[in-house]
Each structure stands twice: as C-alpha cells, then as structure tokens.
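Below is the file final.cif, which contains mmCIF, C-alpha atoms.
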data_run
#
loop_
_atom_site.label_atom_id
_atom_site.label_comp_id
_atom_site.auth_asym_id
_atom_site.auth_seq_id
_atom_site.Cartn_x
_atom_site.Cartn_y
_atom_site.Cartn_z
CA MET A 10 -0.22 -15.20 -22.32
CA CYS A 11 -2.84 -16.66 -19.96
CA MET A 12 -3.62 -15.70 -16.42
CA ILE A 13 -6.29 -15.45 -13.73
CA PHE A 14 -9.41 -13.34 -14.25
CA ILE A 15 -11.07 -11.47 -11.39
CA ASN A 16 -14.47 -9.94 -12.19
CA ASP A 17 -13.70 -10.33 -15.92
CA ALA A 18 -10.46 -8.36 -15.53
CA LYS A 19 -7.02 -9.94 -15.89
CA LEU A 20 -4.48 -9.82 -13.13
CA PRO A 21 -1.50 -8.71 -15.24
CA ARG A 22 1.79 -10.54 -15.14
CA SER A 23 3.89 -7.60 -14.10
CA GLU A 24 6.55 -6.56 -11.65
CA ALA A 25 3.80 -5.20 -9.41
CA SER A 26 1.91 -8.50 -9.21
CA TYR A 27 5.09 -10.50 -8.60
CA LEU A 28 6.24 -8.06 -5.91
CA ALA A 29 2.87 -8.14 -4.13
CA PHE A 30 2.84 -11.93 -3.92
CA ARG A 31 6.54 -12.18 -3.09
CA LEU A 32 6.50 -9.60 -0.30
CA ALA A 33 3.31 -10.99 1.25
CA PHE A 34 4.71 -14.52 1.17
CA GLN A 35 8.13 -13.65 2.53
CA GLU A 36 6.85 -11.56 5.41
CA THR A 37 4.34 -14.21 6.50
CA PHE A 38 6.88 -17.01 6.14
CA GLU A 39 9.43 -15.09 8.17
CA ARG A 40 6.88 -14.59 10.95
CA ILE A 41 6.20 -18.33 10.98
CA SER A 42 9.94 -19.05 11.12
CA LEU A 43 10.44 -16.67 14.03
CA ALA A 44 7.43 -18.04 15.91
CA ARG A 45 8.87 -21.54 15.65
CA GLN A 46 12.39 -20.43 16.50
CA PHE A 47 11.21 -18.82 19.72
CA ARG A 48 8.63 -21.55 20.31
CA GLU A 49 5.68 -19.24 20.41
CA CYS A 50 2.47 -21.15 20.92
CA THR A 51 0.24 -19.00 18.74
CA GLN A 52 -0.35 -20.16 15.21
CA ASP A 53 -2.79 -17.43 14.21
CA GLY A 54 -3.23 -13.70 14.49
CA PHE A 55 -0.63 -12.77 11.89
CA GLY A 56 0.01 -13.06 8.18
CA TYR A 57 -1.03 -11.13 5.11
CA LEU A 58 -4.66 -12.36 5.27
CA THR A 59 -5.25 -10.32 8.43
CA GLU A 60 -5.93 -7.52 5.92
CA VAL A 61 -9.32 -9.24 5.42
CA PRO A 62 -11.07 -9.21 8.83
CA PHE A 63 -13.14 -12.33 8.18
CA LEU A 64 -9.98 -14.30 7.33
CA SER A 65 -7.74 -12.94 10.08
CA GLY A 66 -7.92 -16.20 12.02
CA VAL A 67 -6.80 -18.44 9.16
CA SER A 68 -3.70 -20.45 10.06
CA PRO A 69 -0.57 -18.72 8.68
CA MET A 70 0.45 -22.01 7.02
CA VAL A 71 -2.88 -22.16 5.22
CA GLN A 72 -2.53 -18.48 4.32
CA LEU A 73 0.69 -19.32 2.48
CA GLU A 74 -0.95 -22.27 0.77
CA LEU A 75 -3.82 -20.06 -0.43
CA LEU A 76 -1.38 -17.46 -1.71
CA ALA A 77 0.60 -20.16 -3.55
CA SER A 78 -2.60 -21.56 -5.06
CA THR A 79 -3.75 -18.17 -6.36
CA TRP A 80 -0.23 -17.44 -7.61
CA SER A 81 -0.11 -20.75 -9.53
CA ARG A 82 -3.31 -19.86 -11.39
CA HIS A 83 -1.90 -16.42 -12.13
CA PHE A 84 1.35 -18.00 -13.35
CA SER A 85 -0.35 -20.77 -15.33
CA GLU A 86 -0.44 -21.16 -19.11
CA ALA A 87 -4.21 -21.61 -18.89
CA ASP A 88 -6.94 -19.09 -18.17
CA PHE A 89 -8.69 -19.31 -14.80
CA SER A 90 -11.77 -17.57 -13.49
CA GLY A 91 -10.83 -16.49 -9.99
CA THR A 92 -13.00 -17.24 -6.98
CA LEU A 93 -13.99 -14.83 -4.24
CA LEU A 94 -11.21 -16.41 -2.18
CA ASP A 95 -8.69 -15.67 -4.94
CA GLU A 96 -9.96 -12.09 -4.94
CA ALA A 97 -9.48 -11.84 -1.18
CA VAL A 98 -5.95 -13.27 -1.44
CA ILE A 99 -4.97 -10.77 -4.13
CA TYR A 100 -6.43 -7.86 -2.17
CA ALA A 101 -4.70 -8.93 1.04
CA ALA A 102 -1.34 -9.56 -0.66
CA CYS A 103 -1.41 -6.14 -2.33
CA GLU A 104 -2.49 -4.34 0.84
CA ARG A 105 0.08 -6.11 2.98
CA ALA A 106 2.84 -5.46 0.46
CA ALA A 107 1.82 -1.78 0.32
CA TRP A 108 1.90 -1.57 4.12
CA SER A 109 5.36 -3.16 4.21
CA LEU A 110 6.66 -0.72 1.61
CA GLU A 111 5.33 2.21 3.64
CA ASN A 112 6.41 1.03 7.09
CA GLU A 113 9.22 -1.51 6.91
CA SER A 114 12.87 -0.66 6.48
CA LEU A 115 13.71 -0.76 2.78
CA SER A 116 16.61 -3.03 3.66
CA VAL A 117 14.06 -5.59 4.87
CA ILE A 118 12.13 -5.28 1.60
CA LYS A 119 15.36 -5.74 -0.33
CA ARG A 120 16.08 -8.89 1.69
CA TYR A 121 12.64 -10.28 0.83
CA LEU A 122 13.43 -9.80 -2.86
CA ALA A 123 17.01 -11.04 -2.73
CA LYS A 124 17.74 -14.38 -4.39
CA GLY A 125 14.21 -14.50 -5.80
CA PRO A 126 13.56 -15.84 -9.30
CA VAL A 127 12.98 -12.32 -10.72
CA CYS A 128 13.24 -8.67 -9.67
CA ASN A 129 15.99 -9.54 -7.20
CA ALA A 130 18.18 -6.60 -8.27
CA LEU A 131 15.46 -3.97 -7.91
CA ILE A 132 16.06 -1.17 -5.43
CA PRO A 133 12.88 -0.90 -3.31
CA ARG A 134 11.06 2.43 -3.34
CA ARG A 135 8.32 3.69 -1.04
CA GLU A 136 6.15 4.77 -3.98
CA TRP A 137 5.73 1.15 -5.06
CA SER A 138 2.93 1.01 -2.49
CA ARG A 139 0.72 3.03 -4.83
CA GLU A 140 1.22 0.43 -7.55
CA MET A 141 0.21 -2.33 -5.14
CA ARG A 142 -3.06 -0.60 -4.30
CA ARG A 143 -3.82 0.33 -7.89
CA LEU A 144 -3.40 -3.32 -8.77
CA HIS A 145 -6.08 -4.63 -6.43
CA GLU A 146 -8.37 -1.64 -6.98
CA SER A 147 -8.47 -2.48 -10.69
CA LEU A 148 -9.72 -5.99 -9.88
CA CYS A 149 -11.55 -5.95 -6.54
CA ALA A 150 -13.84 -2.96 -6.88
CA ASP A 151 -16.78 -4.59 -5.04
CA ALA A 152 -14.63 -6.34 -2.41
CA ASP A 153 -17.53 -8.52 -1.26
CA PHE A 154 -15.11 -10.46 0.96
CA LEU A 155 -14.82 -7.37 3.18
CA LEU A 156 -18.56 -7.43 3.86
CA ILE A 157 -18.81 -10.96 5.21
CA SER A 158 -17.93 -10.03 8.78
CA GLN A 159 -21.12 -7.98 8.92
CA PHE A 160 -23.21 -11.10 8.35
CA GLU A 161 -21.89 -12.77 11.51
CA ASP A 162 -23.61 -10.23 13.77
CA LEU A 163 -26.99 -10.54 12.05
CA PRO A 164 -29.80 -13.09 12.44
CA PRO A 165 -29.71 -15.58 9.52
CA GLY A 166 -32.82 -14.11 7.89
CA GLU A 167 -31.44 -10.57 7.86
CA ALA A 168 -28.08 -11.80 6.62
CA ASP A 169 -29.78 -13.62 3.74
CA VAL A 170 -31.66 -10.46 2.76
CA LEU A 171 -28.40 -8.48 2.63
CA LYS A 172 -26.69 -11.20 0.60
CA ARG A 173 -29.49 -11.06 -1.97
CA GLU A 174 -29.38 -7.26 -2.09
CA TRP A 175 -25.61 -7.31 -2.63
CA GLY A 176 -25.75 -10.24 -5.05
CA ILE A 177 -23.54 -12.49 -2.91
CA GLU A 178 -24.24 -16.20 -3.34
CA ASP A 179 -23.56 -18.67 -0.54
CA ALA A 180 -21.61 -20.87 -2.96
CA ARG A 181 -19.11 -18.04 -3.50
CA LEU A 182 -18.71 -17.58 0.25
CA GLN A 183 -18.20 -21.24 1.18
CA PRO A 184 -14.45 -21.42 0.34
CA LEU A 185 -13.84 -18.53 2.76
CA PHE A 186 -15.49 -20.55 5.52
CA ASP A 187 -13.74 -23.79 4.53
CA CYS A 188 -10.20 -22.41 4.76
CA GLN A 189 -10.76 -21.45 8.40
CA GLU A 190 -11.27 -25.09 9.33
CA ARG A 191 -7.81 -26.20 8.20
CA TRP A 192 -4.49 -25.84 10.02
CA PHE A 193 -1.94 -27.34 7.67
CA ALA A 194 -0.93 -26.81 4.06
CA ALA A 195 -2.07 -29.27 1.40
CA SER A 196 0.29 -31.39 -0.69
CA GLY A 197 0.02 -29.24 -3.83
CA MET A 198 1.60 -26.17 -2.24
CA ARG A 199 5.16 -27.16 -3.16
CA ASP A 200 4.43 -27.21 -6.90
CA ASN A 201 2.33 -24.05 -6.72
CA LEU A 202 5.32 -21.98 -5.58
CA ALA A 203 7.12 -22.26 -8.93
CA GLY A 204 7.93 -18.82 -10.31
CA LEU A 205 7.42 -17.10 -6.96
CA LEU A 206 10.30 -18.79 -5.14
CA THR A 207 13.49 -20.38 -6.41
CA PRO A 208 13.90 -24.19 -6.16
CA ALA A 209 16.22 -23.72 -3.18
CA GLU A 210 13.67 -21.49 -1.43
CA ILE A 211 10.90 -23.99 -2.14
CA GLU A 212 12.93 -26.73 -0.47
CA LEU A 213 13.53 -24.50 2.55
CA VAL A 214 9.83 -23.68 2.86
CA SER A 215 8.89 -27.33 2.37
CA GLU A 216 11.28 -28.42 5.11
CA LEU A 217 10.15 -25.84 7.65
CA LEU A 218 6.44 -26.33 6.97
CA HIS A 219 6.74 -30.12 6.61
CA LEU A 220 4.95 -29.97 3.27
CA PRO A 221 3.75 -33.37 2.08
CA VAL A 222 4.90 -34.52 -1.33
CA ALA A 223 2.03 -34.72 -3.78
CA ALA A 224 1.15 -38.26 -4.83
CA ASP A 225 1.93 -39.22 -8.42
#

Have the structure of the file written as structure tokens, please.
Amino acid sequence: MCMIFINDAKLPRSEASYLAFRLAFQETFERISLARQFRECTQDGFGYLTEVPFLSGVSPMVQLELLASTWSRHFSEADFSGTLLDEAVIYAACERAAWSLENESLSVIKRYLAKGPVCNALIPRREWSREMRRLHESLCADADFLLISQFEDLPPGEADVLKREWGIEDARLQPLFDCQERWFAASGMRDNLAGLLTPAEIELVSELLHLPVAAD
C-alpha cells in the first residue's frame, strides 16, 4: 500500500486520516455554501487553513483544492514525498477536525460523515480529537510552516539568517506564497476528491464551486 510521506514518515491510511480530511473538507465547504446562500461578500477569513496563520487568507475554494490535492496523493497507489504545503494542509486538517470534535455538536459531526464513502456509520466521539492531534504530531514535528509569519516582520537579511539557522529553503516556502495568489480551484480538483467524497457529493461540490472539467 502506497501513500504520502512527510519528513520520511508515512501518513497512514486509517480511519483517523480519513476523518481528519473529511471533517475539514465538509466544514469548509458548508461555510462556502452558507456564504453564497446569504450572499456574503467575503471570500476569505474562514476554512480549515486558518489553523496556519500564514495561510489564513487563502481563498476557501483554494483551501479545498489544496486539501483534495494532498488527499489524492495520500490515496494514490504511488508513493509521494510531501511538500511543506502538504505538511501544512495535514496539520490544519487535523487541528480543525480536532477543534470540531471538541466544540461542535456531535450531530453536526455525524452529518459531515453521513453518506460518505467510508466511516459513515460511525458514532462520533469527543475523544477522537486526540487521535487527530496524534496523527499530525507524528508527521509535523518541526512545523516549519508555523514559523513563516515571523519572517514577514523582519528585514530580508535577518529573515534569511533565521531561515538558514532553521534549515528552511526558499524553494520549500514558495508553494505557500503561490497559493495565496489564486482565488479559484484548478481543474484537477474534481478527480482528486475520489475516495474522500462519493460521486454524488463530487458532482454537488463541482456544481457549487463551478469546477472546470480537466482537459483530456
């Protein structure tokens, strides 16, 4: 069984990993749906990636695309070496899912799981939050993506010194900057949702988000 590697450790294909991705996706998607239903103007300021301060302004649509992309590598039959952005997505999904389990009504959690491709009959339990956090702690020990916000308040020279001291290369950081410049999901998102959502759910998401169909 193949999967994504983060810092040479495998993200296991488990109920915990599925639940983290599923809950983070469903909550963010529901917020987007409500914002559009009530015609709220804001398109940022919410979503699971707000758990990472530097990425808190990423468009919620792009947040879902990033989650789907990381999920697809996790769900793939090939091995992938995860990027720092993948690491941030996994951390944020696990933290947001843990927060939801601790603070949301369990009936809401059950609704997020209902009709999903797997685990849809599970009875949510508050203690699942510990599993969510253990999952990201086993992979994201350094959590370099949480340090990036500190660089923004420093002169470039001082920031470069810190990056060298912490062993953070600019090439690893660039995808975290790039995703903040986009507002809409890319065409591959639809296919990347396989295994996380059912075909009917994928069609619903595609319709609401106006996902482009990938070219053949």

Atom CA of A:Met198 sits from atom CA of A:Glu74 at a separation of 5.5 Å

Exercise: stretch 37-43 of chain A partners within 12 Å, only C-alpha atoms, chain neighbours under 4 positions left out, as number ranges by chain = A: 30-33, 47-59, 68-74, 76-77, 101-102, 105-106, 109, 117, 120-121, 206, 210-211, 213-218

Got a sec to check which residues sit within 7 Å of (1.4, -18.8, -5.3), counting only C-alpha atoms, and write them as a list of chain:residue names?
-> A:Leu76, A:Ala77, A:Ser78, A:Thr79, A:Trp80, A:Ser81, A:Asn201, A:Leu202, A:Leu205

With C-alpha atoms kept, could you save the residues just selected as a short mmCIF file (atom, residue, chain, number, x, y, z; two decimals), in the frame of the given file?
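Output contents, as saved in result23.cif:
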data_model
loop_
_atom_site.label_atom_id
_atom_site.label_comp_id
_atom_site.auth_asym_id
_atom_site.auth_seq_id
_atom_site.Cartn_x
_atom_site.Cartn_y
_atom_site.Cartn_z
CA LEU A 76 -1.38 -17.46 -1.71
CA ALA A 77 0.60 -20.16 -3.55
CA SER A 78 -2.60 -21.56 -5.06
CA THR A 79 -3.75 -18.17 -6.36
CA TRP A 80 -0.23 -17.44 -7.61
CA SER A 81 -0.11 -20.75 -9.53
CA ASN A 201 2.33 -24.05 -6.72
CA LEU A 202 5.32 -21.98 -5.58
CA LEU A 205 7.42 -17.10 -6.96
#

Identify, on the basis of only C-alpha atoms, every residue whose closest approach to A:Arg82 does not exceed 8 Å; exclude the query and any residue fewer than 5 positions from it along the same chain; express the result as a PyMOL selection string.
-> chain A and resi 12-13+87-89

Residues from last step as file, C-alpha atoms, as a PDB file, keeping the file's coordinate frame:
ATOM      1  CA  MET A  12      -3.620 -15.700 -16.420  1.00  0.00           C
ATOM      2  CA  ILE A  13      -6.290 -15.450 -13.730  1.00  0.00           C
ATOM      3  CA  ALA A  87      -4.210 -21.610 -18.890  1.00  0.00           C
ATOM      4  CA  ASP A  88      -6.940 -19.090 -18.170  1.00  0.00           C
ATOM      5  CA  PHE A  89      -8.690 -19.310 -14.800  1.00  0.00           C
TER       6      PHE A  89
END

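Nearest-residue note for A:Tyr27: choosing from A:Phe14, A:Phe154, A:Phe63, A:Phe84, the minimum distance belongs to A:Phe84, counting only C-alpha atoms.
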
Give me the result of the PyMOL selection byres ((chain A and resi 24-26) around 9) on this file, residue by residue, as number ranges by chain.
-> A: 20-23, 27-31, 99, 103, 127-128, 137, 140-141, 144

Excluding A:Asn112 and residues on its chain fewer than 4 positions from it, collect all residues at most 9 Å away from it, counting only C-alpha atoms, and give them as an MDAnalysis selection string.
-> chainID A and resid 107:108 135

So what does the PyMOL selection byres ((chain A and resi 133) around 7) actually pick up in this one, as a list in words?
->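 On the file shown, the PyMOL selection byres ((chain A and resi 133) around 7) covers Leu115, Ile118, Lys119, Leu131, Ile132, Arg134 and Arg135 of chain A.
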